[in-house]
>>> print(open('model.cif').read())   # mmCIF, C-alpha atoms and all ligand atoms
data_protein
loop_
_atom_site.label_atom_id
_atom_site.label_comp_id
_atom_site.auth_asym_id
_atom_site.auth_seq_id
_atom_site.Cartn_x
_atom_site.Cartn_y
_atom_site.Cartn_z
CA MET A 19 2.03 21.15 -44.87
CA SER A 20 2.39 24.15 -47.13
CA ALA A 21 5.94 24.73 -45.96
CA MET A 22 6.68 21.21 -47.12
CA GLY A 23 5.01 21.87 -50.40
CA ASP A 24 8.19 23.07 -52.02
CA ASN A 25 10.53 20.52 -50.64
CA ILE A 26 11.04 18.17 -53.52
CA ASP A 27 12.87 15.64 -51.40
CA ASN A 28 9.72 15.21 -49.37
CA LEU A 29 7.53 14.46 -52.29
CA THR A 30 8.12 10.76 -52.42
CA ALA A 31 7.41 10.53 -48.72
CA ARG A 32 4.14 12.35 -49.07
CA VAL A 33 3.18 10.21 -52.00
CA ALA A 34 3.65 7.19 -49.75
CA ASP A 35 1.72 8.83 -46.90
CA SER A 36 -1.32 9.54 -48.98
CA GLY A 37 -1.51 5.97 -50.18
CA ILE A 38 -0.50 7.01 -53.63
CA THR A 39 2.02 4.74 -55.23
CA ASN A 40 4.43 5.11 -58.06
CA GLY A 41 2.79 3.67 -61.14
CA THR A 42 3.86 2.79 -64.64
CA VAL A 43 7.59 2.60 -65.03
CA GLY A 44 9.09 5.51 -66.92
CA GLN A 45 5.92 7.58 -66.83
CA GLY A 46 7.27 10.06 -64.36
CA GLU A 47 5.97 10.98 -60.97
CA GLU A 48 2.69 9.19 -60.89
CA ALA A 49 -0.19 10.54 -58.93
CA VAL A 50 -1.72 7.08 -58.85
CA ASP A 51 -4.39 6.40 -56.34
CA SER A 52 -5.08 2.72 -55.82
CA THR A 53 -8.84 3.23 -55.61
CA ASN A 54 -9.33 5.78 -58.39
CA ALA A 55 -6.13 5.23 -60.36
CA ASP A 56 -5.70 8.91 -61.32
CA ILE A 57 -2.46 9.42 -63.20
CA VAL A 58 -1.18 12.98 -63.63
CA THR A 59 2.33 13.60 -64.95
CA PRO A 60 3.78 15.87 -67.64
CA TRP A 61 3.29 12.87 -69.96
CA THR A 62 0.07 11.13 -68.93
CA VAL A 63 -3.31 12.22 -67.58
CA GLN A 64 -5.77 9.47 -66.85
CA THR A 65 -8.53 8.65 -64.40
CA SER A 66 -11.22 6.01 -64.12
CA SER A 67 -13.79 8.39 -62.65
CA ALA A 68 -16.41 9.80 -65.05
CA ALA A 69 -16.27 13.13 -63.22
CA GLY A 70 -12.56 13.40 -64.05
CA VAL A 71 -9.39 13.79 -62.03
CA ASP A 72 -9.83 14.36 -58.31
CA TYR A 73 -8.35 17.85 -58.04
CA THR A 74 -8.64 18.12 -54.28
CA LYS A 75 -6.47 15.05 -53.97
CA LEU A 76 -3.97 16.46 -56.47
CA ILE A 77 -3.63 19.64 -54.43
CA ARG A 78 -2.84 17.54 -51.40
CA LEU A 79 -0.42 15.35 -53.30
CA PHE A 80 1.41 18.20 -55.03
CA GLY A 81 1.37 20.44 -51.95
CA SER A 82 -0.11 23.47 -53.75
CA GLN A 83 -2.89 25.76 -52.54
CA PRO A 84 -6.54 25.70 -53.60
CA ILE A 85 -7.93 28.86 -55.21
CA GLU A 86 -10.17 30.23 -52.50
CA ASP A 87 -12.86 32.89 -52.66
CA ASP A 88 -10.86 35.28 -50.46
CA LEU A 89 -8.01 35.21 -52.92
CA LEU A 90 -10.37 35.83 -55.82
CA ARG A 91 -11.82 38.81 -53.98
CA LYS A 92 -8.31 40.11 -53.45
CA PHE A 93 -7.61 39.64 -57.17
CA GLU A 94 -10.51 41.92 -58.09
CA GLN A 95 -9.73 44.38 -55.34
CA VAL A 96 -6.10 44.77 -56.34
CA THR A 97 -6.68 44.91 -60.09
CA GLY A 98 -9.96 46.82 -60.01
CA LYS A 99 -11.05 44.54 -62.83
CA SER A 100 -13.28 41.50 -63.05
CA MET A 101 -11.33 38.30 -63.19
CA PRO A 102 -11.13 35.95 -66.17
CA PRO A 103 -14.05 33.47 -66.28
CA LEU A 104 -11.61 30.54 -66.15
CA LEU A 105 -10.46 31.78 -62.74
CA ARG A 106 -13.93 32.67 -61.50
CA ARG A 107 -15.11 29.16 -62.43
CA LYS A 108 -12.04 27.70 -60.79
CA ILE A 109 -10.96 25.86 -63.89
CA PHE A 110 -7.68 27.37 -62.74
CA PHE A 111 -8.16 25.73 -59.38
CA SER A 112 -4.79 25.73 -57.64
CA HIS A 113 -1.82 28.03 -57.15
CA ARG A 114 1.49 28.73 -55.49
CA ASP A 115 2.14 32.25 -54.21
CA LEU A 116 -0.52 34.00 -56.29
CA ASP A 117 -1.17 36.15 -53.21
CA GLN A 118 2.44 37.34 -53.32
CA ILE A 119 2.12 38.33 -56.97
CA LEU A 120 -1.01 40.30 -56.09
CA ASN A 121 0.93 42.08 -53.33
CA THR A 122 3.73 42.84 -55.77
CA TYR A 123 1.24 44.32 -58.20
CA ALA A 124 -0.58 46.25 -55.48
CA ASN A 125 2.75 47.81 -54.44
CA GLY A 126 3.43 49.02 -57.98
CA LYS A 127 6.31 46.57 -58.41
CA PRO A 128 6.90 44.70 -61.66
CA PHE A 129 6.37 41.04 -62.47
CA TYR A 130 6.07 39.07 -65.69
CA LEU A 131 4.13 36.12 -67.06
CA TYR A 132 5.70 32.95 -68.44
CA THR A 133 4.00 30.02 -70.11
CA GLY A 134 4.81 27.57 -72.90
CA ARG A 135 3.94 24.78 -75.23
CA GLY A 136 5.59 21.61 -76.42
CA PRO A 137 5.10 21.71 -80.20
CA SER A 138 4.36 18.07 -80.93
CA SER A 139 1.78 18.40 -83.67
CA ASP A 140 0.53 20.71 -86.39
CA ALA A 141 -3.04 20.36 -85.27
CA MET A 142 -3.67 22.29 -82.11
CA HIS A 143 -6.96 21.56 -80.41
CA LEU A 144 -9.23 23.52 -78.10
CA GLY A 145 -7.46 22.20 -75.01
CA HIS A 146 -4.17 23.69 -76.18
CA LEU A 147 -5.79 27.08 -76.47
CA ILE A 148 -6.95 27.33 -72.87
CA PRO A 149 -3.73 28.37 -71.09
CA PHE A 150 -3.12 30.91 -73.83
CA LEU A 151 -6.62 32.40 -73.73
CA PHE A 152 -6.24 32.71 -69.99
CA THR A 153 -2.74 34.16 -70.15
CA LYS A 154 -3.90 36.75 -72.65
CA GLN A 155 -6.57 37.89 -70.22
CA LEU A 156 -3.98 38.11 -67.46
CA GLN A 157 -1.68 40.14 -69.72
CA GLU A 158 -4.54 42.56 -70.39
CA ILE A 159 -5.50 42.86 -66.75
CA PHE A 160 -1.97 43.39 -65.40
CA ASP A 161 -0.36 44.95 -68.48
CA VAL A 162 2.88 43.04 -67.99
CA PRO A 163 5.44 41.37 -70.29
CA LEU A 164 4.84 37.77 -71.28
CA ILE A 165 7.35 35.12 -72.25
CA ILE A 166 6.27 32.02 -74.18
CA GLN A 167 8.64 29.07 -74.44
CA LEU A 168 8.24 26.58 -77.29
CA THR A 169 10.02 23.42 -76.17
CA ASP A 170 10.96 21.94 -79.54
CA ASP A 171 13.96 20.36 -77.78
CA GLU A 172 11.64 18.60 -75.31
CA LYS A 173 9.54 17.13 -78.10
CA PHE A 174 12.66 15.97 -79.94
CA LEU A 175 13.75 14.17 -76.77
CA TRP A 176 10.39 12.62 -75.88
CA LYS A 177 8.77 11.94 -79.25
CA ASP A 178 9.77 10.33 -82.48
CA LEU A 179 10.54 13.64 -84.18
CA THR A 180 13.63 14.99 -85.92
CA LEU A 181 15.10 18.25 -84.72
CA GLU A 182 14.13 19.81 -88.04
CA LYS A 183 10.50 18.76 -87.65
CA ALA A 184 10.25 19.80 -84.01
CA ASN A 185 11.66 23.23 -84.84
CA GLU A 186 9.29 23.62 -87.77
CA LEU A 187 6.32 22.74 -85.54
CA ALA A 188 7.40 25.41 -83.06
CA TYR A 189 7.03 28.04 -85.76
CA GLU A 190 3.69 26.60 -86.95
CA ASN A 191 2.33 26.59 -83.40
CA ALA A 192 3.59 30.12 -82.86
CA LYS A 193 1.06 31.28 -85.47
CA ASP A 194 -1.81 29.78 -83.48
CA ILE A 195 -0.50 31.32 -80.30
CA ILE A 196 -0.09 34.75 -81.89
CA ALA A 197 -3.65 34.45 -83.25
CA VAL A 198 -4.90 34.43 -79.65
CA GLY A 199 -4.10 38.14 -79.70
CA PHE A 200 -1.07 38.86 -77.53
CA ASP A 201 0.40 42.35 -77.43
CA PRO A 202 3.43 42.35 -79.80
CA GLU A 203 5.14 45.07 -77.80
CA LYS A 204 4.98 43.01 -74.61
CA THR A 205 5.30 39.39 -75.74
CA PHE A 206 8.40 37.36 -76.55
CA ILE A 207 7.96 33.88 -78.04
CA PHE A 208 10.99 31.65 -78.50
CA SER A 209 11.99 28.20 -79.72
CA ASP A 210 14.45 26.58 -77.31
CA LEU A 211 16.55 25.32 -80.20
CA ASP A 212 16.99 28.79 -81.66
CA PHE A 213 17.16 30.81 -78.47
CA MET A 214 19.97 28.60 -77.17
CA ALA A 215 22.17 29.96 -79.96
CA GLN A 216 21.13 33.56 -79.36
CA GLU A 217 21.24 34.18 -75.63
CA PRO A 218 24.18 33.06 -73.49
CA SER A 219 22.22 33.69 -70.27
CA PHE A 220 19.83 30.92 -71.25
CA TYR A 221 22.49 28.22 -71.16
CA TRP A 222 24.29 29.77 -68.18
CA ASN A 223 21.12 29.58 -66.09
CA ILE A 224 20.40 26.06 -67.35
CA LEU A 225 23.84 24.98 -66.12
CA ARG A 226 23.26 26.64 -62.76
CA VAL A 227 20.03 24.69 -62.33
CA GLN A 228 21.50 21.42 -63.57
CA LYS A 229 24.32 21.68 -61.04
CA SER A 230 21.77 22.20 -58.22
CA VAL A 231 19.57 19.16 -58.83
CA THR A 232 20.84 15.65 -58.14
CA TYR A 233 19.87 12.67 -60.24
CA SER A 234 18.15 11.20 -57.25
CA GLN A 235 15.92 14.29 -56.88
CA ALA A 236 15.07 14.30 -60.58
CA LYS A 237 14.25 10.62 -60.42
CA GLY A 238 11.99 11.21 -57.42
CA VAL A 239 10.06 13.96 -59.18
CA PHE A 240 9.95 12.69 -62.77
CA GLY A 241 10.35 8.95 -62.34
CA PHE A 242 13.34 8.61 -64.67
CA THR A 243 14.63 5.08 -64.98
CA GLU A 244 17.98 3.52 -65.84
CA SER A 245 16.96 3.12 -69.46
CA ASP A 246 15.90 6.75 -70.01
CA HIS A 247 18.47 8.61 -72.08
CA ILE A 248 20.34 11.43 -70.39
CA GLY A 249 18.72 14.09 -72.60
CA LYS A 250 15.55 13.68 -70.57
CA VAL A 251 17.36 14.00 -67.26
CA GLY A 252 18.85 17.36 -68.18
CA PHE A 253 15.75 18.85 -69.77
CA PRO A 254 13.82 20.05 -66.70
CA ALA A 255 16.41 22.81 -66.28
CA VAL A 256 15.44 24.16 -69.69
CA GLN A 257 11.82 24.57 -68.70
CA ALA A 258 12.85 25.98 -65.32
CA VAL A 259 15.00 28.94 -66.33
CA PRO A 260 12.48 31.16 -68.14
CA SER A 261 11.08 31.56 -64.60
CA PHE A 262 14.17 33.65 -63.81
CA CYS A 263 14.28 37.16 -65.21
CA SER A 264 18.08 37.00 -65.56
CA THR A 265 17.55 34.57 -68.47
CA PHE A 266 16.32 37.58 -70.47
CA PRO A 267 18.85 40.40 -69.94
CA PHE A 268 17.67 42.09 -73.14
CA ILE A 269 14.29 42.56 -71.46
CA PHE A 270 15.09 42.92 -67.76
CA GLY A 271 18.61 44.37 -67.84
CA ASP A 272 20.74 43.21 -64.95
CA ARG A 273 17.90 42.72 -62.51
CA LYS A 274 17.58 39.37 -60.78
CA ASP A 275 14.61 40.17 -58.57
CA ILE A 276 11.59 40.45 -60.87
CA PRO A 277 9.16 37.67 -59.99
CA CYS A 278 7.23 35.67 -62.49
CA LEU A 279 3.79 34.07 -62.59
CA VAL A 280 3.36 30.87 -64.59
CA PRO A 281 -0.12 29.85 -65.74
CA CYS A 282 0.01 26.16 -66.70
CA GLY A 283 -1.77 22.83 -66.60
CA ILE A 284 -1.35 21.07 -63.24
CA ASP A 285 0.57 18.33 -65.09
CA GLN A 286 3.45 20.81 -65.53
CA ASP A 287 3.79 21.37 -61.79
CA PRO A 288 6.65 18.86 -61.31
CA TYR A 289 8.92 21.10 -63.40
CA PHE A 290 8.13 24.07 -61.25
CA ARG A 291 8.46 22.27 -57.95
CA VAL A 292 12.05 21.65 -58.92
CA THR A 293 12.40 25.26 -60.09
CA ARG A 294 11.07 26.63 -56.83
CA ASP A 295 13.33 24.36 -54.86
CA VAL A 296 16.52 25.54 -56.54
CA ALA A 297 15.63 29.23 -57.02
CA PRO A 298 16.71 30.52 -53.59
CA LYS A 299 19.98 28.56 -53.75
CA LEU A 300 20.82 30.47 -56.91
CA GLY A 301 19.71 33.85 -55.59
CA PHE A 302 16.62 33.90 -57.82
CA ARG A 303 12.94 34.42 -57.06
CA LYS A 304 10.66 31.42 -56.93
CA PRO A 305 8.07 31.49 -59.70
CA ALA A 306 4.43 31.77 -58.65
CA LEU A 307 2.03 29.38 -60.34
CA LEU A 308 -1.58 29.14 -61.41
CA HIS A 309 -2.69 25.61 -62.25
CA SER A 310 -5.56 24.61 -64.51
CA GLY A 311 -7.41 21.34 -64.65
CA PHE A 312 -7.88 19.48 -67.90
CA ILE A 313 -10.48 19.84 -70.56
CA PRO A 314 -12.12 16.46 -70.99
CA SER A 315 -11.91 14.57 -74.26
CA LEU A 316 -15.16 14.35 -76.22
CA GLN A 317 -15.60 10.83 -74.88
CA GLY A 318 -15.62 12.01 -71.27
CA ALA A 319 -13.54 13.23 -68.37
CA GLN A 320 -11.52 10.03 -67.95
CA THR A 321 -8.89 11.41 -70.32
CA LYS A 322 -7.95 14.84 -71.57
CA MET A 323 -8.04 15.83 -75.21
CA SER A 324 -5.31 14.20 -77.20
CA ALA A 325 -3.74 15.54 -80.37
CA SER A 326 -3.17 12.01 -81.62
CA ASP A 327 -6.83 10.87 -81.57
CA PRO A 328 -8.85 13.03 -84.03
CA ASN A 329 -12.17 11.99 -82.52
CA SER A 330 -11.19 12.99 -79.00
CA SER A 331 -10.97 16.71 -79.69
CA VAL A 332 -12.11 19.69 -81.68
CA TYR A 333 -9.21 21.10 -83.67
CA LEU A 334 -8.58 24.72 -84.46
CA THR A 335 -8.67 23.71 -88.13
CA ASP A 336 -12.03 21.88 -88.04
CA THR A 337 -14.79 23.07 -90.36
CA ASN A 338 -18.22 24.05 -89.06
CA LYS A 339 -19.55 20.73 -90.28
CA GLN A 340 -16.80 18.74 -88.60
CA ILE A 341 -17.47 20.53 -85.33
CA ARG A 342 -21.20 19.86 -85.56
CA ASP A 343 -20.73 16.20 -86.44
CA LYS A 344 -18.11 15.56 -83.76
CA ILE A 345 -20.19 17.11 -80.99
CA ASN A 346 -23.37 15.39 -82.09
CA LYS A 347 -21.71 12.03 -82.56
CA TYR A 348 -19.04 11.86 -79.85
CA ALA A 349 -19.67 14.36 -77.04
CA PHE A 350 -20.44 12.16 -74.04
CA SER A 351 -23.90 12.93 -72.74
CA GLY A 352 -25.08 13.16 -69.16
CA GLY A 353 -28.67 12.92 -70.38
CA GLN A 354 -31.08 10.06 -69.79
CA GLN A 355 -31.81 7.17 -72.12
CA THR A 356 -35.33 8.16 -73.15
CA LEU A 357 -37.11 11.47 -73.55
CA GLU A 358 -39.57 10.59 -70.78
CA GLU A 359 -36.83 9.64 -68.40
CA HIS A 360 -34.86 12.80 -69.23
CA ARG A 361 -37.86 15.06 -68.63
CA GLU A 362 -38.41 13.31 -65.33
CA LYS A 363 -34.90 12.97 -63.96
CA GLY A 364 -32.92 15.62 -65.85
CA GLY A 365 -29.33 15.46 -67.12
CA ASN A 366 -26.10 15.21 -65.14
CA CYS A 367 -23.95 18.28 -65.83
CA ASP A 368 -20.98 16.87 -63.91
CA VAL A 369 -20.29 14.23 -66.55
CA ASP A 370 -21.87 15.87 -69.59
CA VAL A 371 -19.05 16.88 -71.91
CA SER A 372 -21.07 19.53 -73.76
CA TYR A 373 -21.93 21.28 -70.52
CA GLN A 374 -18.32 20.99 -69.34
CA TYR A 375 -17.07 22.58 -72.57
CA LEU A 376 -19.50 25.45 -72.12
CA ARG A 377 -17.89 26.07 -68.73
CA PHE A 378 -14.61 26.57 -70.57
CA PHE A 379 -15.82 28.55 -73.56
CA LEU A 380 -19.11 30.33 -72.81
CA ASP A 381 -18.22 33.57 -71.04
CA ASP A 382 -21.77 34.62 -70.20
CA ASP A 383 -22.31 33.54 -66.56
CA GLU A 384 -26.06 34.02 -66.57
CA ARG A 385 -26.58 31.99 -69.70
CA LEU A 386 -24.36 29.22 -68.35
CA GLU A 387 -26.34 29.08 -65.11
CA GLN A 388 -29.63 29.00 -67.00
CA ILE A 389 -28.38 26.09 -69.13
CA LYS A 390 -27.28 24.25 -66.02
CA GLN A 391 -30.67 24.64 -64.39
CA ASP A 392 -32.62 23.73 -67.51
CA TYR A 393 -30.51 20.71 -68.30
CA SER A 394 -30.46 19.39 -64.73
CA SER A 395 -34.23 19.76 -64.43
CA GLY A 396 -34.90 17.98 -67.71
CA LYS A 397 -36.34 21.07 -69.37
CA MET A 398 -33.41 21.15 -71.81
CA LEU A 399 -32.61 18.11 -73.91
CA THR A 400 -29.17 16.81 -74.86
CA GLY A 401 -29.72 17.82 -78.50
CA GLU A 402 -30.50 21.38 -77.43
CA LEU A 403 -27.49 21.53 -75.14
CA LYS A 404 -25.25 20.28 -77.93
CA LYS A 405 -26.66 22.90 -80.26
CA GLU A 406 -25.64 25.65 -77.82
CA LEU A 407 -22.14 24.27 -77.68
CA ILE A 408 -21.85 23.85 -81.43
CA THR A 409 -22.73 27.52 -81.96
CA VAL A 410 -20.17 28.67 -79.40
CA LEU A 411 -17.37 26.46 -80.77
CA GLN A 412 -18.06 27.21 -84.42
CA LYS A 413 -17.73 30.91 -83.71
CA LEU A 414 -14.60 30.45 -81.62
CA VAL A 415 -12.87 28.31 -84.24
CA GLU A 416 -13.98 30.52 -87.17
CA ASP A 417 -12.68 33.64 -85.44
CA HIS A 418 -9.45 31.86 -84.61
CA LYS A 419 -8.93 30.72 -88.21
CA GLU A 420 -9.49 34.23 -89.45
CA ARG A 421 -6.95 35.71 -87.05
CA ARG A 422 -4.47 32.94 -87.81
CA ALA A 423 -4.74 33.55 -91.54
CA ALA A 424 -3.82 37.17 -90.85
CA VAL A 425 -0.57 36.19 -89.09
CA THR A 426 2.22 36.82 -91.61
CA PRO A 427 5.79 35.50 -91.51
CA GLU A 428 6.82 39.05 -90.54
CA THR A 429 4.49 38.95 -87.54
CA VAL A 430 5.97 35.63 -86.43
CA LYS A 431 9.45 37.07 -86.85
CA LEU A 432 8.53 40.13 -84.81
CA PHE A 433 7.21 38.09 -81.85
CA MET A 434 10.15 35.67 -82.01
CA THR A 435 12.96 38.19 -82.23
CA ARG A 436 15.17 38.61 -79.18
CA ARG A 437 14.36 42.20 -78.31
CA LYS A 438 13.45 44.70 -75.65
CA LEU A 439 9.82 44.64 -74.58
CA LYS A 440 7.80 47.66 -73.59
CA PHE A 441 8.13 47.48 -69.87
CA ASP A 442 8.29 50.39 -67.46
CA TYR A 443 9.37 49.37 -64.04
CA PRO A 444 10.42 51.24 -60.95
CA ALA A 445 14.13 51.34 -60.05
CA PRO A 446 15.25 48.39 -57.91
CA ALA A 447 15.12 48.94 -54.18
CA LYS A 448 18.57 49.87 -52.80
CA THR A 449 20.21 46.82 -51.30
CA LYS A 450 22.24 47.09 -48.12
N1 LIG A 501 6.36 21.20 -71.28
C1 LIG A 501 5.25 21.94 -71.81
C2 LIG A 501 4.47 21.04 -72.80
O1 LIG A 501 4.89 19.98 -73.13
C3 LIG A 501 5.68 23.20 -72.50
C4 LIG A 501 6.10 24.30 -71.55
C5 LIG A 501 7.35 24.87 -71.47
C6 LIG A 501 5.31 24.98 -70.58
N2 LIG A 501 7.40 25.86 -70.55
C7 LIG A 501 6.17 25.95 -69.98
C8 LIG A 501 3.98 24.87 -70.18
C9 LIG A 501 5.68 26.81 -68.98
C10 LIG A 501 3.50 25.73 -69.18
C11 LIG A 501 4.37 26.68 -68.59
O2 LIG A 501 3.43 21.43 -73.26
#
>>> encode(input="model.cif", output="structure tokens")
Amino acid sequence: MSAMGDNIDNLTARVADSGITNGTVGQGEEAVDSTNADIVTPWTVQTSSAAGVDYTKLIRLFGSQPIEDDLLRKFEQVTGKSMPPLLRRKIFFSHRDLDQILNTYANGKPFYLYTGRGPSSDAMHLGHLIPFLFTKQLQEIFDVPLIIQLTDDEKFLWKDLTLEKANELAYENAKDIIAVGFDPEKTFIFSDLDFMAQEPSFYWNILRVQKSVTYSQAKGVFGFTESDHIGKVGFPAVQAVPSFCSTFPFIFGDRKDIPCLVPCGIDQDPYFRVTRDVAPKLGFRKPALLHSGFIPSLQGAQTKMSASDPNSSVYLTDTNKQIRDKINKYAFSGGQQTLEEHREKGGNCDVDVSYQYLRFFLDDDERLEQIKQDYSSGKMLTGELKKELITVLQKLVEDHKERRAAVTPETVKLFMTRRKLKFDYPAPAKTK
């Protein structure tokens, strides 16, 4: 099964095998299950189950590997450091070839990190922060270069945005990303629209990928239809090529063999299935991947946070009062109807949004476990649980705002300038 995992031609077949059918027209490769109706594509995430998307099923459908305890042990063994809480709690729950990246690192060989964001709105919310918080921890643990792609071109193609606006949003979002605290000597952030005019290797690699993927394959993976414009059909190559070190000769010189690890939401996997399929044909390394699940919206795990519904998320610009009011008013509760009933039966952490958010944002394992026990037993009430969360989120957002305010135009320019990164790597192995 795992050998098939990368064969994009097989995907449709496996979708049929697992009883999962192609859903809404034009929505891309739909992970739609007829009983649960989970939909997971780069464009839509939806499920009818209160406990959220069925991740075990997604792993089977996408052909990736679950994060298992052995691998986590290896992570700590190889790095000599404790792993990020989001990995320990298996919020990053699936991967491709993480074990190979750990071997690379253990052998003193270089690799780099690549992640990205589609800049579709000014207002970033907590969910947008997660891959970046996680990636920052990985950068600290491994001390490797990081490349962050801002796909302003993608948002121009998919949304009702002008090129000017999409490009402007890329620079606005870059400030929030920088505020997460990446190392300026080891991090390159770029807008697709601008980088295209600066680095010939970018477009050269895009062309190589485009020539290697047929329309029929792209249609199978992304669900393009006859009425989709051709801009969409060509785009996946743009998100693919930062996975190849030869796209960045000013960082990696003329090497073609430095592997990359991509932390991303599982909804981005279709892009990287295609990337991994074409990589060997082009003489490039396949990117390794680490997939996260979704942070639920305030209303519950049926949908993820959405930038377009202000009451579904906590924004990085919310005031303390807004955060308090939103959590108190909207955060779906797993508690019981009456005090007596709650004391007797306890709350349900699996569907309780406040508890779920604490899993994402409260680093203290012991405290989290205590809350879980107290809430499940009925000792802790919903109001008390929400109060814990409000304190954690207010601090997180306040700290973020402070760091963002300190990001100057010069800092943005520094991160977004095509330049050499601080990166010592051993000489390439002699080839035959
Ligand atoms: N397509 C992603 C989005 O819409 C942005 C993105 C580009 C990305 N490259 C990536 C995400 C690499 C994760 C990893 O948000």
>>> closest_residue(input="model.cif", among="A:Arg78, A:His146, A:Arg377, A:Lys229", to="ligand LIG 501 (chain A)", atoms="all atoms listed in the file")
A:His146
>>> closest_residue(input="model.cif", among="A:Cys282, A:Gln388, A:Lys193, A:Phe110", to="A:Thr426", atoms="all atoms listed in the file")
A:Lys193
>>> residues_near_ligand(input="model.cif", ligand="ligand LIG 501 (chain A)", cutoff="10 Å", atoms="only C-alpha atoms and all ligand atoms", output="PyMOL selection string")
chain A and resi 60-61+131-138+146+149-150+165-170+172-173+176+210+253-254+256-261+279-287+289-290+307-309
>>> closest_residue(input="model.cif", among="A:Lys250, A:Arg107, A:Asp370, A:Thr153", to="A:Phe174", atoms="all atoms listed in the file")
A:Lys250
>>> residues_near_point(input="model.cif", point="(-5.2, 23.9, -81.9)", cutoff="8 Å", atoms="all atoms listed in the file", output="list in words")
Asp140, Ala141, Met142, His143, Leu144, Gly145, His146, Leu147, Asp194, Tyr333, Leu334 and Thr335 of chain A
>>> write_last_selection(input="model.cif", atoms="C-alpha atoms", output="PDB file, in the frame of the given file")
ATOM      1  CA  ASP A 140       0.530  20.710 -86.390  1.00  0.00           C
ATOM      2  CA  ALA A 141      -3.040  20.360 -85.270  1.00  0.00           C
ATOM      3  CA  MET A 142      -3.670  22.290 -82.110  1.00  0.00           C
ATOM      4  CA  HIS A 143      -6.960  21.560 -80.410  1.00  0.00           C
ATOM      5  CA  LEU A 144      -9.230  23.520 -78.100  1.00  0.00           C
ATOM      6  CA  GLY A 145      -7.460  22.200 -75.010  1.00  0.00           C
ATOM      7  CA  HIS A 146      -4.170  23.690 -76.180  1.00  0.00           C
ATOM      8  CA  LEU A 147      -5.790  27.080 -76.470  1.00  0.00           C
ATOM      9  CA  ASP A 194      -1.810  29.780 -83.480  1.00  0.00           C
ATOM     10  CA  TYR A 333      -9.210  21.100 -83.670  1.00  0.00           C
ATOM     11  CA  LEU A 334      -8.580  24.720 -84.460  1.00  0.00           C
ATOM     12  CA  THR A 335      -8.670  23.710 -88.130  1.00  0.00           C
TER      13      THR A 335
END
